[in-house]
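**Q** See final.txt below, with compact mmCIF, C-alpha atoms.
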# COMPACT_ATOMS: atom_id res chain seq x y z
CA MET C 160 99.62 106.23 127.43
CA GLU C 161 98.84 105.12 123.87
CA ASN C 162 101.91 107.00 122.71
CA LEU C 163 104.09 105.26 125.32
CA GLU C 164 102.72 101.89 124.26
CA ARG C 165 103.58 102.64 120.63
CA ILE C 166 107.12 103.68 121.54
CA ILE C 167 107.61 100.54 123.61
CA SER C 168 106.20 98.27 120.92
CA ASP C 169 108.53 99.86 118.34
CA CYS C 170 111.58 98.96 120.44
CA PRO C 171 113.34 95.84 119.09
CA PHE C 172 113.71 94.58 122.68
CA PHE C 173 109.95 94.25 123.00
CA ALA C 174 109.30 93.10 119.42
CA GLY C 175 106.74 90.34 119.06
CA LEU C 176 105.12 90.80 122.46
CA ASP C 177 101.34 90.33 122.73
CA GLN C 178 99.24 93.46 122.95
CA GLY C 179 98.13 92.47 126.45
CA PHE C 180 101.72 92.18 127.65
CA LEU C 181 102.58 95.54 126.09
CA GLN C 182 99.72 97.15 127.99
CA LEU C 183 100.95 95.62 131.26
CA ILE C 184 104.47 96.90 130.59
CA THR C 185 103.24 100.34 129.58
CA GLY C 186 101.46 100.56 132.92
CA CYS C 187 104.93 100.60 134.55
CA ALA C 188 106.44 103.13 132.10
CA SER C 189 107.07 106.85 132.13
CA ASN C 190 109.02 109.37 130.04
CA VAL C 191 112.24 110.72 131.55
CA ARG C 192 115.06 113.07 130.54
CA PHE C 193 118.63 113.37 131.77
CA ASP C 194 120.89 116.31 131.06
CA SER C 195 124.35 115.69 129.69
CA GLY C 196 126.73 114.84 132.53
CA THR C 197 124.08 113.64 134.97
CA TYR C 198 123.66 110.06 136.14
CA LEU C 199 120.78 107.69 135.41
CA PHE C 200 121.89 105.66 138.42
CA LYS C 201 124.92 105.12 140.60
CA GLU C 202 126.66 102.02 141.86
CA GLY C 203 125.29 100.79 145.18
CA ALA C 204 121.95 102.57 144.88
CA PRO C 205 118.69 100.58 144.84
CA ALA C 206 118.01 99.25 141.35
CA ASP C 207 114.32 99.97 140.97
CA THR C 208 114.15 101.08 137.33
CA PHE C 209 115.49 100.25 133.91
CA TYR C 210 115.60 102.43 130.85
CA LEU C 211 114.80 102.13 127.19
CA LEU C 212 116.94 104.78 125.45
CA ARG C 213 115.14 106.94 122.90
CA GLU C 214 117.87 109.50 122.32
CA GLY C 215 121.40 110.23 123.51
CA LYS C 216 124.22 108.06 124.74
CA VAL C 217 124.89 106.48 128.12
CA ALA C 218 128.26 105.36 129.45
CA LEU C 219 128.54 102.57 131.99
CA GLU C 220 131.35 103.49 134.32
CA ILE C 221 133.27 101.74 137.03
CA PHE C 222 135.34 103.40 139.71
CA ALA C 223 138.47 102.10 141.35
CA PRO C 224 140.39 103.83 144.14
CA HIS C 225 143.17 106.15 142.95
CA ARG C 226 142.07 105.80 139.33
CA LYS C 227 139.93 107.89 137.09
CA PRO C 228 136.51 106.42 136.21
CA ILE C 229 136.74 103.83 133.45
CA VAL C 230 134.01 103.61 130.81
CA ILE C 231 133.38 99.93 130.11
CA ASP C 232 130.45 100.15 127.71
CA THR C 233 128.34 102.71 125.89
CA LEU C 234 124.68 102.35 124.99
CA GLU C 235 122.57 104.26 122.50
CA GLN C 236 119.10 104.72 121.07
CA GLY C 237 116.93 101.62 121.16
CA GLU C 238 119.06 99.88 123.79
CA ILE C 239 118.18 98.82 127.31
CA VAL C 240 120.11 100.16 130.29
CA GLY C 241 120.12 98.10 133.45
CA TRP C 242 119.11 94.65 134.59
CA SER C 243 120.01 94.81 138.28
CA TRP C 244 116.32 95.53 139.01
CA LEU C 245 115.57 91.95 137.90
CA LEU C 246 117.59 90.02 140.49
CA PRO C 247 118.16 90.38 144.23
CA PRO C 248 119.64 92.32 145.93
CA TYR C 249 118.32 94.89 143.39
CA VAL C 250 121.37 97.13 143.63
CA TRP C 251 123.17 98.87 140.73
CA ARG C 252 126.65 97.50 139.92
CA PHE C 253 127.83 100.45 137.83
CA HIS C 254 127.31 104.12 137.29
CA ALA C 255 125.26 105.05 134.20
CA HIS C 256 126.32 108.46 132.97
CA ALA C 257 124.45 110.51 130.34
CA MET C 258 127.18 111.46 127.83
CA HIS C 259 124.72 113.59 125.87
CA GLY C 260 121.24 114.69 126.76
CA VAL C 261 119.19 111.51 127.15
CA ARG C 262 115.51 110.89 126.52
CA ALA C 263 114.29 107.53 127.72
CA ILE C 264 111.37 105.45 128.84
CA ALA C 265 111.84 104.53 132.49
CA LEU C 266 110.27 101.24 133.50
CA ASP C 267 109.49 100.75 137.16
CA GLY C 268 111.26 97.53 138.09
CA LYS C 269 109.22 96.79 141.20
CA CYS C 270 105.96 97.30 139.29
CA LEU C 271 107.15 95.02 136.49
CA ARG C 272 108.49 92.36 138.88
CA THR C 273 105.09 92.23 140.57
CA LYS C 274 103.32 91.82 137.22
CA CYS C 275 105.79 89.11 136.20
CA GLU C 276 105.11 87.22 139.44
CA GLU C 277 101.38 87.46 138.81
CA ASN C 278 101.68 86.50 135.14
CA HIS C 279 104.45 83.98 134.53
CA ASP C 280 103.95 84.09 130.76
CA LEU C 281 104.87 87.78 130.86
CA GLY C 282 107.73 86.99 133.23
CA TYR C 283 109.10 84.35 130.88
CA GLU C 284 108.92 86.71 127.88
CA ILE C 285 110.72 89.46 129.79
CA LEU C 286 113.32 87.07 131.14
CA LYS C 287 114.05 85.58 127.68
CA ARG C 288 114.75 89.06 126.32
CA PHE C 289 116.98 90.04 129.19
CA VAL C 290 118.92 86.76 129.05
CA GLN C 291 119.71 87.53 125.40
CA ILE C 292 121.13 90.93 126.35
CA ILE C 293 123.05 89.46 129.28
CA GLU C 294 124.51 86.78 126.97
CA GLN C 295 125.62 89.39 124.40
CA ARG C 296 127.23 91.55 127.06
CA LEU C 297 128.88 88.54 128.73
CA ASP C 298 130.39 87.60 125.36
CA ALA C 299 131.63 91.14 124.85
CA THR C 300 133.04 91.26 128.38
CA ARG C 301 134.94 88.00 127.84
CA LEU C 302 136.49 89.39 124.69
CA GLN C 303 137.29 92.63 126.50
CA LEU C 304 138.96 90.69 129.32
CA LEU C 305 141.18 88.89 126.83
CA ASP C 306 142.76 92.25 126.04
CA VAL C 307 143.30 90.99 122.49
CA TYR C 308 145.22 94.06 121.34
CA ALA C 309 147.92 93.70 123.99
CA VAL C 310 151.43 92.70 122.91
CA GLN C 311 151.63 88.89 123.09
CA MET I 237 162.28 96.95 81.47
CA THR I 238 163.21 100.52 82.31
CA THR I 239 163.70 101.76 85.81
CA ALA I 240 160.41 103.62 85.58
CA ALA I 241 158.43 100.52 84.68
CA ILE I 242 156.19 98.96 87.26
CA SER I 243 156.69 95.31 88.04
CA MET I 244 153.41 93.50 88.67
CA GLU I 245 155.26 90.42 89.89
CA PRO I 246 157.42 89.90 92.93
CA THR I 247 161.07 90.49 92.21
CA MET I 248 162.74 87.95 89.90
CA GLU I 249 165.08 87.09 92.72
CA PRO I 250 162.68 86.90 95.63
CA MET I 251 165.30 86.07 98.25
CA ILE I 252 167.40 89.15 97.50
CA PRO I 253 166.34 92.37 99.26
CA ARG I 254 166.23 95.54 97.19
CA ALA I 255 167.68 98.68 98.68
CA HIS I 256 165.20 101.30 99.86
CA ALA I 257 165.65 104.49 101.83
CA VAL I 258 163.52 105.71 104.70
CA ARG I 259 161.79 108.91 103.58
CA GLU I 260 159.52 109.50 106.57
CA VAL I 261 158.67 108.03 109.96
CA VAL I 262 155.38 109.12 111.54
CA LYS I 263 154.46 108.24 115.10
CA GLU I 264 150.86 106.98 115.08
CA THR I 265 150.55 105.84 118.73
CA PRO I 266 153.03 105.50 121.59
CA ASP I 267 154.33 102.22 120.12
CA THR I 268 153.29 102.27 116.46
CA PHE I 269 154.94 104.08 113.57
CA THR I 270 154.32 104.48 109.85
CA LEU I 271 157.38 104.32 107.63
CA THR I 272 157.56 105.51 104.04
CA LEU I 273 160.27 103.84 101.94
CA GLN I 274 161.45 104.72 98.45
CA PRO I 275 163.62 102.64 96.13
CA GLN I 276 167.32 103.47 96.03
CA ASN I 277 169.89 103.16 93.30
CA GLY I 278 167.43 103.56 90.45
CA THR I 279 165.66 100.31 91.17
CA SER I 280 162.17 100.07 89.77
CA PRO I 281 159.29 100.72 92.14
CA HIS I 282 157.00 97.86 93.05
CA SER I 283 153.33 97.56 92.46
CA PHE I 284 151.32 95.70 95.07
CA ARG I 285 147.80 94.56 95.71
CA PRO I 286 146.02 95.68 98.88
CA GLY I 287 146.59 93.01 101.53
CA GLN I 288 150.07 91.94 100.40
CA PHE I 289 153.14 92.13 102.62
CA SER I 290 156.87 92.67 102.25
CA MET I 291 159.87 91.28 104.07
CA LEU I 292 161.75 94.26 105.51
CA TRP I 293 165.40 93.78 106.26
CA VAL I 294 166.97 95.92 108.95
CA PHE I 295 170.64 95.51 108.18
CA GLY I 296 172.54 93.87 110.99
CA VAL I 297 169.38 93.09 112.93
CA GLY I 298 167.00 90.88 110.99
CA GLU I 299 164.08 90.53 108.63
CA LEU I 300 160.39 91.09 109.35
CA PRO I 301 157.14 90.42 107.49
CA ILE I 302 155.16 93.68 107.42
CA SER I 303 151.88 94.37 105.62
CA ILE I 304 151.83 97.26 103.21
CA SER I 305 149.59 100.02 104.55
CA GLY I 306 149.94 102.62 101.79
CA ASP I 307 148.06 103.50 98.64
CA ALA I 308 148.54 100.94 95.85
CA ASP I 309 148.10 103.72 93.27
CA LYS I 310 151.23 105.53 94.53
CA HIS I 311 153.97 103.54 92.86
CA ASP I 312 156.93 105.62 93.97
CA ARG I 313 156.81 104.54 97.61
CA LEU I 314 156.00 101.72 99.96
CA VAL I 315 154.31 102.51 103.27
CA TYR I 316 154.30 100.27 106.33
CA THR I 317 152.77 100.65 109.77
CA VAL I 318 154.86 98.86 112.37
CA ARG I 319 154.23 98.21 116.04
CA SER I 320 157.42 98.29 118.01
CA VAL I 321 157.37 95.15 120.13
CA GLY I 322 160.83 93.58 119.89
CA LYS I 323 164.42 94.00 118.83
CA ALA I 324 163.84 94.01 115.07
CA THR I 325 160.69 96.16 115.09
CA ASN I 326 162.35 98.59 117.52
CA ALA I 327 165.30 98.85 115.14
CA LEU I 328 162.99 99.34 112.15
CA VAL I 329 160.97 102.17 113.64
CA SER I 330 164.14 103.83 114.94
CA GLN I 331 165.57 104.25 111.44
CA LYS I 332 166.43 107.84 110.55
CA THR I 333 165.41 109.55 107.33
CA GLY I 334 167.72 108.40 104.56
CA ALA I 335 168.68 105.15 106.28
CA GLY I 336 168.72 102.02 104.15
CA VAL I 337 166.22 99.18 104.53
CA GLY I 338 166.08 96.02 102.41
CA VAL I 339 162.74 95.08 100.88
CA ARG I 340 161.68 91.72 99.49
CA GLY I 341 158.30 91.21 97.90
CA PRO I 342 155.48 92.05 97.74
CA PHE I 343 154.26 88.59 98.70
CA GLY I 344 151.01 86.79 99.30
CA THR I 345 147.43 87.04 98.22
CA GLY I 346 145.57 90.32 98.43
CA TRP I 347 142.09 91.35 99.49
CA PRO I 348 139.41 90.50 96.90
CA VAL I 349 138.80 94.10 95.84
CA GLU I 350 137.70 92.99 92.38
CA ALA I 351 135.13 90.54 93.75
CA ALA I 352 133.76 93.29 96.00
CA ARG I 353 132.88 95.55 93.05
CA GLY I 354 129.23 96.55 92.95
CA GLN I 355 128.68 95.41 96.53
CA ASP I 356 128.78 96.89 100.01
CA LEU I 357 132.11 96.45 101.69
CA ILE I 358 132.24 95.74 105.41
CA ILE I 359 135.69 96.27 106.87
CA VAL I 360 136.28 95.16 110.45
CA ALA I 361 139.67 95.94 111.93
CA GLY I 362 141.17 95.58 115.37
CA GLY I 363 144.28 97.35 116.64
CA ILE I 364 147.07 97.40 114.10
CA GLY I 365 144.85 95.24 111.86
CA LEU I 366 143.65 98.47 110.28
CA ALA I 367 147.04 98.82 108.56
CA PRO I 368 146.66 95.97 106.01
CA LEU I 369 143.12 97.16 105.31
CA ARG I 370 144.01 100.80 104.70
CA PRO I 371 145.01 100.12 101.07
CA VAL I 372 141.50 98.70 100.50
CA ILE I 373 139.95 101.88 101.88
CA TYR I 374 142.19 104.01 99.64
CA HIS I 375 141.22 101.85 96.67
CA VAL I 376 137.49 102.07 97.34
CA LEU I 377 137.59 105.82 97.92
CA SER I 378 139.54 106.44 94.71
CA HIS I 379 137.21 104.15 92.72
CA ARG I 380 134.07 105.21 94.59
CA GLY I 381 131.65 104.61 91.74
CA GLU I 382 132.60 100.95 91.53
CA TYR I 383 131.55 100.11 95.07
CA ASP I 384 128.36 100.57 97.02
CA ARG I 385 128.31 101.34 100.73
CA LEU I 386 131.56 101.24 102.73
CA VAL I 387 131.21 100.33 106.41
CA LEU I 388 134.34 100.49 108.55
CA LEU I 389 134.18 99.10 112.08
CA TYR I 390 137.40 99.70 113.99
CA GLY I 391 138.29 98.71 117.53
CA ALA I 392 141.35 99.47 119.59
CA ARG I 393 142.43 99.01 123.16
CA SER I 394 142.11 102.66 124.20
CA PRO I 395 141.77 106.07 122.50
CA ARG I 396 145.54 106.55 122.45
CA ASP I 397 145.96 103.28 120.53
CA LEU I 398 143.88 104.35 117.53
CA LEU I 399 145.71 104.50 114.21
CA TYR I 400 145.20 107.10 111.47
CA ARG I 401 142.91 109.31 113.56
CA LYS I 402 142.78 112.18 111.05
CA GLU I 403 142.07 109.79 108.19
CA LEU I 404 139.30 108.07 110.18
CA ALA I 405 137.60 111.44 110.56
CA ALA I 406 138.09 112.23 106.85
CA TRP I 407 136.77 108.84 105.75
CA ALA I 408 133.67 109.31 107.92
CA ARG I 409 132.83 112.41 105.89
CA GLN I 410 132.82 110.55 102.56
CA ARG I 411 129.51 109.72 100.93
CA ASP I 412 128.01 106.26 101.49
CA THR I 413 130.62 105.63 104.12
CA GLN I 414 129.95 104.70 107.74
CA VAL I 415 132.91 104.74 110.10
CA LEU I 416 132.36 103.47 113.64
CA VAL I 417 135.20 103.44 116.13
CA THR I 418 135.22 101.83 119.54
CA VAL I 419 137.76 101.28 122.29
CA ASP I 420 137.81 98.56 124.92
CA TYR I 421 138.42 101.08 127.68
CA GLY I 422 137.68 104.78 127.47
CA GLY I 423 138.28 107.70 129.76
CA LEU I 424 135.65 110.31 130.45
CA SER I 425 136.96 112.54 127.66
CA TRP I 426 136.28 109.85 125.04
CA ARG I 427 132.91 110.67 123.50
CA HIS I 428 132.56 107.76 121.10
CA HIS I 429 131.78 104.07 121.58
CA VAL I 430 133.23 101.90 124.31
CA GLY I 431 133.11 98.12 124.02
CA VAL I 432 134.68 95.44 121.87
CA VAL I 433 134.50 95.80 118.11
CA THR I 434 131.66 93.27 117.81
CA THR I 435 129.37 95.65 119.73
CA LEU I 436 129.52 98.01 116.75
CA PHE I 437 127.28 95.65 114.77
CA ARG I 438 124.42 97.14 116.83
CA TYR I 439 124.90 100.43 115.01
CA ALA I 440 126.23 99.38 111.59
CA ARG I 441 123.97 99.82 108.57
CA LEU I 442 124.52 96.41 106.98
CA ARG I 443 122.93 94.81 103.94
CA PRO I 444 124.18 91.23 104.33
CA ALA I 445 122.82 89.88 101.05
CA ARG I 446 124.89 92.33 99.01
CA SER I 447 128.04 92.61 101.08
CA LEU I 448 131.55 91.34 101.25
CA ALA I 449 133.43 91.51 104.56
CA MET I 450 137.17 91.87 105.16
CA LEU I 451 138.57 91.30 108.65
CA CYS I 452 141.98 91.89 110.13
CA GLY I 453 143.06 91.90 113.74
CA PRO I 454 143.93 89.49 116.50
CA GLU I 455 142.82 86.00 115.49
CA ILE I 456 140.42 85.59 118.39
CA MET I 457 138.80 88.90 117.51
CA MET I 458 138.33 87.72 113.91
CA ARG I 459 136.70 84.50 115.15
CA PHE I 460 134.17 86.47 117.18
CA VAL I 461 133.58 88.94 114.34
CA ALA I 462 133.14 86.20 111.73
CA ARG I 463 130.66 84.43 113.97
CA ASP I 464 128.69 87.65 114.42
CA LEU I 465 128.76 88.37 110.68
CA GLU I 466 127.28 84.93 110.07
CA ALA I 467 124.60 85.74 112.65
CA GLN I 468 123.90 88.94 110.68
CA GLY I 469 123.26 86.81 107.58
CA LEU I 470 126.56 86.77 105.69
CA THR I 471 127.77 83.41 104.43
CA ARG I 472 131.33 82.19 104.93
CA LYS I 473 131.93 82.82 101.22
CA GLN I 474 131.33 86.53 101.81
CA ILE I 475 133.93 86.81 104.57
CA TYR I 476 137.70 87.18 104.07
CA LEU I 477 140.34 87.51 106.73
CA SER I 478 144.05 88.10 106.96
CA MET I 479 146.04 85.59 108.99
CA GLU I 480 149.34 86.10 110.73
CA ARG I 481 152.03 83.55 111.47
CA ASN I 482 155.80 83.57 111.80
CA MET I 483 156.87 84.11 108.18
CA LYS I 484 160.52 83.67 107.20
CA CYS I 485 161.13 82.87 103.52
CA ALA I 486 157.77 84.30 102.35
CA LEU I 487 157.81 81.81 99.46
CA GLY I 488 156.30 78.70 101.01
CA PHE I 489 159.62 76.84 101.26
CA CYS I 490 160.70 77.06 104.88
CA GLY I 491 157.45 75.95 106.49
CA HIS I 492 157.58 78.38 109.41
CA CYS I 493 154.13 79.73 108.64
CA GLN I 494 152.43 76.45 107.84
CA TYR I 495 148.82 76.41 109.01
CA GLY I 496 147.17 73.06 108.35
CA PRO I 497 147.53 72.49 104.61
CA HIS I 498 148.32 76.16 103.94
CA PHE I 499 151.39 78.34 103.99
CA ILE I 500 150.25 81.73 105.23
CA CYS I 501 152.97 83.54 103.25
CA LYS I 502 152.15 82.00 99.90
CA ASP I 503 148.50 80.86 100.08
CA GLY I 504 147.56 83.85 102.30
CA PRO I 505 147.74 85.97 104.25
CA VAL I 506 144.21 86.73 102.99
CA PHE I 507 141.92 83.70 103.00
CA PRO I 508 138.22 83.16 102.49
CA TYR I 509 136.65 82.29 105.84
CA GLU I 510 135.00 79.32 104.17
CA GLU I 511 138.48 77.84 103.69
CA ILE I 512 140.24 78.90 106.88
CA GLY I 513 137.34 78.94 109.33
CA PRO I 514 137.33 75.19 110.08
CA LEU I 515 141.06 75.35 110.90
CA MET I 516 140.56 78.27 113.29
CA ASP I 517 138.38 76.09 115.50
CA LYS I 518 141.12 73.47 115.90
CA TYR I 519 142.86 73.73 119.24
CA GLU I 520 145.93 71.88 117.92
CA LEU I 521 146.65 74.57 115.29
Would you write the structure of this file as structure tokens?
**A**
Amino acid sequence: MENLERIISDCPFFAGLDQGFLQLITGCASNVRFDSGTYLFKEGAPADTFYLLREGKVALEIFAPHRKPIVIDTLEQGEIVGWSWLLPPYVWRFHAHAMHGVRAIALDGKCLRTKCEENHDLGYEILKRFVQIIEQRLDATRLQLLDVYAVQ
Amino acid sequence: MTTAAISMEPTMEPMIPRAHAVREVVKETPDTFTLTLQPQNGTSPHSFRPGQFSMLWVFGVGELPISISGDADKHDRLVYTVRSVGKATNALVSQKTGAGVGVRGPFGTGWPVEAARGQDLIIVAGGIGLAPLRPVIYHVLSHRGEYDRLVLLYGARSPRDLLYRKELAAWARQRDTQVLVTVDYGGLSWRHHVGVVTTLFRYARLRPARSLAMLCGPEIMMRFVARDLEAQGLTRKQIYLSMERNMKCALGFCGHCQYGPHFICKDGPVFPYEEIGPLMDKYEL
């Protein structure tokens, strides 16, 4: 458990969190591995976990009928995968595909949501960090939607 | 001046094209080609600075401003990477080996390769924007001891739209060089990054206090990249970008490429962000 807490505290996403908060978060954490080619989660499935990547690369994919899967984003070591666990209806919007063997810390979303409800200071800290990621990815998505490299 | 001498200035008669012959046309992507031109009729070869452009005349069709994408140390040729998007560019990339093309220039300001000496160089390119930056990469790699770390961040629409794929791989193997490539949309066979070019800052090994950044790509991409570089700690003085407008005379006379108080052809196309940044935020321009 001490080792997990150290790994979590070393992650930039959790930087600056109080020791007490880190202990609460670590209580919801476990080590996981995914082989290359397997899925961390699939679109439509209950979103009950999120992942802190320690090693490997994850592709976020979207499927459309009669088309091959499209990779819309890739995530690597130190990054967070998934925020659908945070908001109802707690359902994944994309597939997350391990491009290489992945080692990660899985954080139980339901466990963490309960702790955030009980301790709003923790909830606010978690939410601030996720909003930052959501803002960065929204920015990137807007730029992606502009299709800036297309012929004008 | 003998025919072998190198002119460091644009031609004495800048409105008159000089005859060149197409030596090679290489298909880079489905719509982008790299042309190698050599002077004809014993005319002296041109020297150019990385970042400069030429006006290329396709006889009977029209004239186009195209950035030079070759090695500035190879004085016997001029190399251009052209995206075929209209009548004149289609005609240019369809030229056969030996065909004649008129060349005016080189024109414009270049990248500040001298100012970058002793520093890290951050190059951020999008799409065909890698072409005007390739001479900088050649320069840095052939004068490696004069520069510190080279970081190249390159984004394209999809894997099949990436330019210079073999060179990208070769550059990535050079010492003190980090090459990160991303595409906006990737298929399952693409094993590298997916996402817009700004997402590569998450993985770039940057030292903002001792860096100089050069950007080239769609203008909106450069705005986002410049903003993110500032967030990383670079000042506007450390950021340079190459602007594109409809250039005709290339000498600052005709006014086609006027951008606020600047003529892109003469005062640019490379500008410090400190100077051009405030104009980029103006909707009217």
**Q** Excluding segment 296-303 of chain C and residues on its chain fewer than 6 positions from it, collect all residues at most 8 Å away from it, counting all atoms listed in the file, and give them as a list of chain:residue names.
**A**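 Once the nearby chain positions are removed, what remains is I:Asp420, I:Gly431, I:Val432, I:Thr434, I:Thr435, I:Met457.
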**Q** Distance cut-off 10 Å, counting only C-alpha atoms - which residues of chain C neighbour chain I? Return them as a VMD selection string.
**A** chain C and resid 216 to 220 227 to 238 256 258 to 259 295 to 296 298 to 311
**Q** Selection from above, C-alpha atoms, as an mmCIF file, in the frame of the given file, can you write it?
**A**
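Saved result, out27.cif, follows:
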data_model
loop_
_atom_site.group_PDB
_atom_site.id
_atom_site.type_symbol
_atom_site.label_atom_id
_atom_site.label_comp_id
_atom_site.auth_asym_id
_atom_site.auth_seq_id
_atom_site.Cartn_x
_atom_site.Cartn_y
_atom_site.Cartn_z
ATOM 1 C CA LYS C 216 124.220 108.060 124.740
ATOM 2 C CA VAL C 217 124.890 106.480 128.120
ATOM 3 C CA ALA C 218 128.260 105.360 129.450
ATOM 4 C CA LEU C 219 128.540 102.570 131.990
ATOM 5 C CA GLU C 220 131.350 103.490 134.320
ATOM 6 C CA LYS C 227 139.930 107.890 137.090
ATOM 7 C CA PRO C 228 136.510 106.420 136.210
ATOM 8 C CA ILE C 229 136.740 103.830 133.450
ATOM 9 C CA VAL C 230 134.010 103.610 130.810
ATOM 10 C CA ILE C 231 133.380 99.930 130.110
ATOM 11 C CA ASP C 232 130.450 100.150 127.710
ATOM 12 C CA THR C 233 128.340 102.710 125.890
ATOM 13 C CA LEU C 234 124.680 102.350 124.990
ATOM 14 C CA GLU C 235 122.570 104.260 122.500
ATOM 15 C CA GLN C 236 119.100 104.720 121.070
ATOM 16 C CA GLY C 237 116.930 101.620 121.160
ATOM 17 C CA GLU C 238 119.060 99.880 123.790
ATOM 18 C CA HIS C 256 126.320 108.460 132.970
ATOM 19 C CA MET C 258 127.180 111.460 127.830
ATOM 20 C CA HIS C 259 124.720 113.590 125.870
ATOM 21 C CA GLN C 295 125.620 89.390 124.400
ATOM 22 C CA ARG C 296 127.230 91.550 127.060
ATOM 23 C CA ASP C 298 130.390 87.600 125.360
ATOM 24 C CA ALA C 299 131.630 91.140 124.850
ATOM 25 C CA THR C 300 133.040 91.260 128.380
ATOM 26 C CA ARG C 301 134.940 88.000 127.840
ATOM 27 C CA LEU C 302 136.490 89.390 124.690
ATOM 28 C CA GLN C 303 137.290 92.630 126.500
ATOM 29 C CA LEU C 304 138.960 90.690 129.320
ATOM 30 C CA LEU C 305 141.180 88.890 126.830
ATOM 31 C CA ASP C 306 142.760 92.250 126.040
ATOM 32 C CA VAL C 307 143.300 90.990 122.490
ATOM 33 C CA TYR C 308 145.220 94.060 121.340
ATOM 34 C CA ALA C 309 147.920 93.700 123.990
ATOM 35 C CA VAL C 310 151.430 92.700 122.910
ATOM 36 C CA GLN C 311 151.630 88.890 123.090
#
**Q** Quote the spacing between atom CA of Leu357 of chain I and atom CA of Phe284 of chain I in Å to one decimal place.
**A**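 Answer for the atom CA of Leu357 of chain I to atom CA of Phe284 of chain I separation: 20.3 Å.
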**Q** Set up a box along x, y and z of the file covering all listed atoms of segment 498-511 of chain I, add 5 Å on every one of the six sides, and write the centre and edge lengths in Å to one decimal, as JSON.
**A**
{"center_x": 144.0, "center_y": 81.4, "center_z": 102.9, "size_x": 28.0, "size_y": 20.6, "size_z": 15.9}
**Q** Which residues are near Gly488 of chain I? Cut-off 7 Å, only C-alpha atoms, ignore same chain within fewer than 3 positions. Put them as a list in words.
**A**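 Here the answer would be Cys485, Gly491, Phe499, Cys501 and Lys502 of chain I.
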**Q** Create the file for the chosen residues now, containing C-alpha atoms and written as a compact mmCIF listing (two decimals), in the coordinates of the input.
**A**
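Result file follows (again.txt):
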# COMPACT_ATOMS: atom_id res chain seq x y z
CA CYS I 485 161.13 82.87 103.52
CA GLY I 491 157.45 75.95 106.49
CA PHE I 499 151.39 78.34 103.99
CA CYS I 501 152.97 83.54 103.25
CA LYS I 502 152.15 82.00 99.90
**Q** Which polymer residues have any atom within 7 Å of an atom of Pro301 of chain I, counting only C-alpha atoms, with same-chain residues fewer than 6 positions away left out, as a PyMOL selection string?
**A** chain I and resi 289-292+483
**Q** Name the closest residue to Glu249 of chain I among the candidates I:Leu448, I:Leu416, I:Leu442, I:Leu487; distances are taken between atoms, counting all atoms listed in the file.
**A**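 Smallest distance to Glu249 of chain I is found for I:Leu487.
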**Q** Taking (164.6, 102.2, 96.1) in the coordinates of the supplied file, I want to know which residues reach to within 10 Å of it, counting all atoms listed in the file; could you give the answer as a ChimeraX atom specification?
**A** /I:254-258,273-282,312-314,336-339
**Q** Considering only C-alpha atoms, can you say which of C:Leu246, C:Ala263, C:Cys170, C:Leu211 comes closest to Asp194 of chain C?
**A**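 Checking each candidate against Asp194 of chain C, we get C:Ala263 as the closest.
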**Q** In Å to one decimal, how far is atom CA of Val315 of chain I from atom CA of Ala440 of chain I?
**A**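 Computing it gives 29.5 Å between the two atoms.
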**Q** Applying 12 Å and all atoms listed in the file, which residues near Gly179 of chain C remain after dropping the ones on its own chain fewer than 3 positions away? List them as a list in words.
**A**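 Listed by chain and then number, they are Glu164, Ser168, Gly175, Leu176, Gln182, Leu183, Ile184, Thr185, Gly186, Lys274, Asn278, Asp280 and Leu281 of chain C.
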**Q** Need the shell around Arg441 of chain I: protein/DNA/RNA residues with any atom at most 10 Å away, counting only C-alpha atoms. Skip same-chain ones fewer than 6 positions apart. Format as JSON, numbers by chain?
**A** {"I": [358, 385, 386, 387, 413, 414]}
**Q** For atom CA of Glu214 of chain C and atom CA of Phe437 of chain I, quote the distance in Å rounded to one decimal.
**A**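 Result for atom CA of Glu214 of chain C versus atom CA of Phe437 of chain I: 18.4 Å, one decimal.
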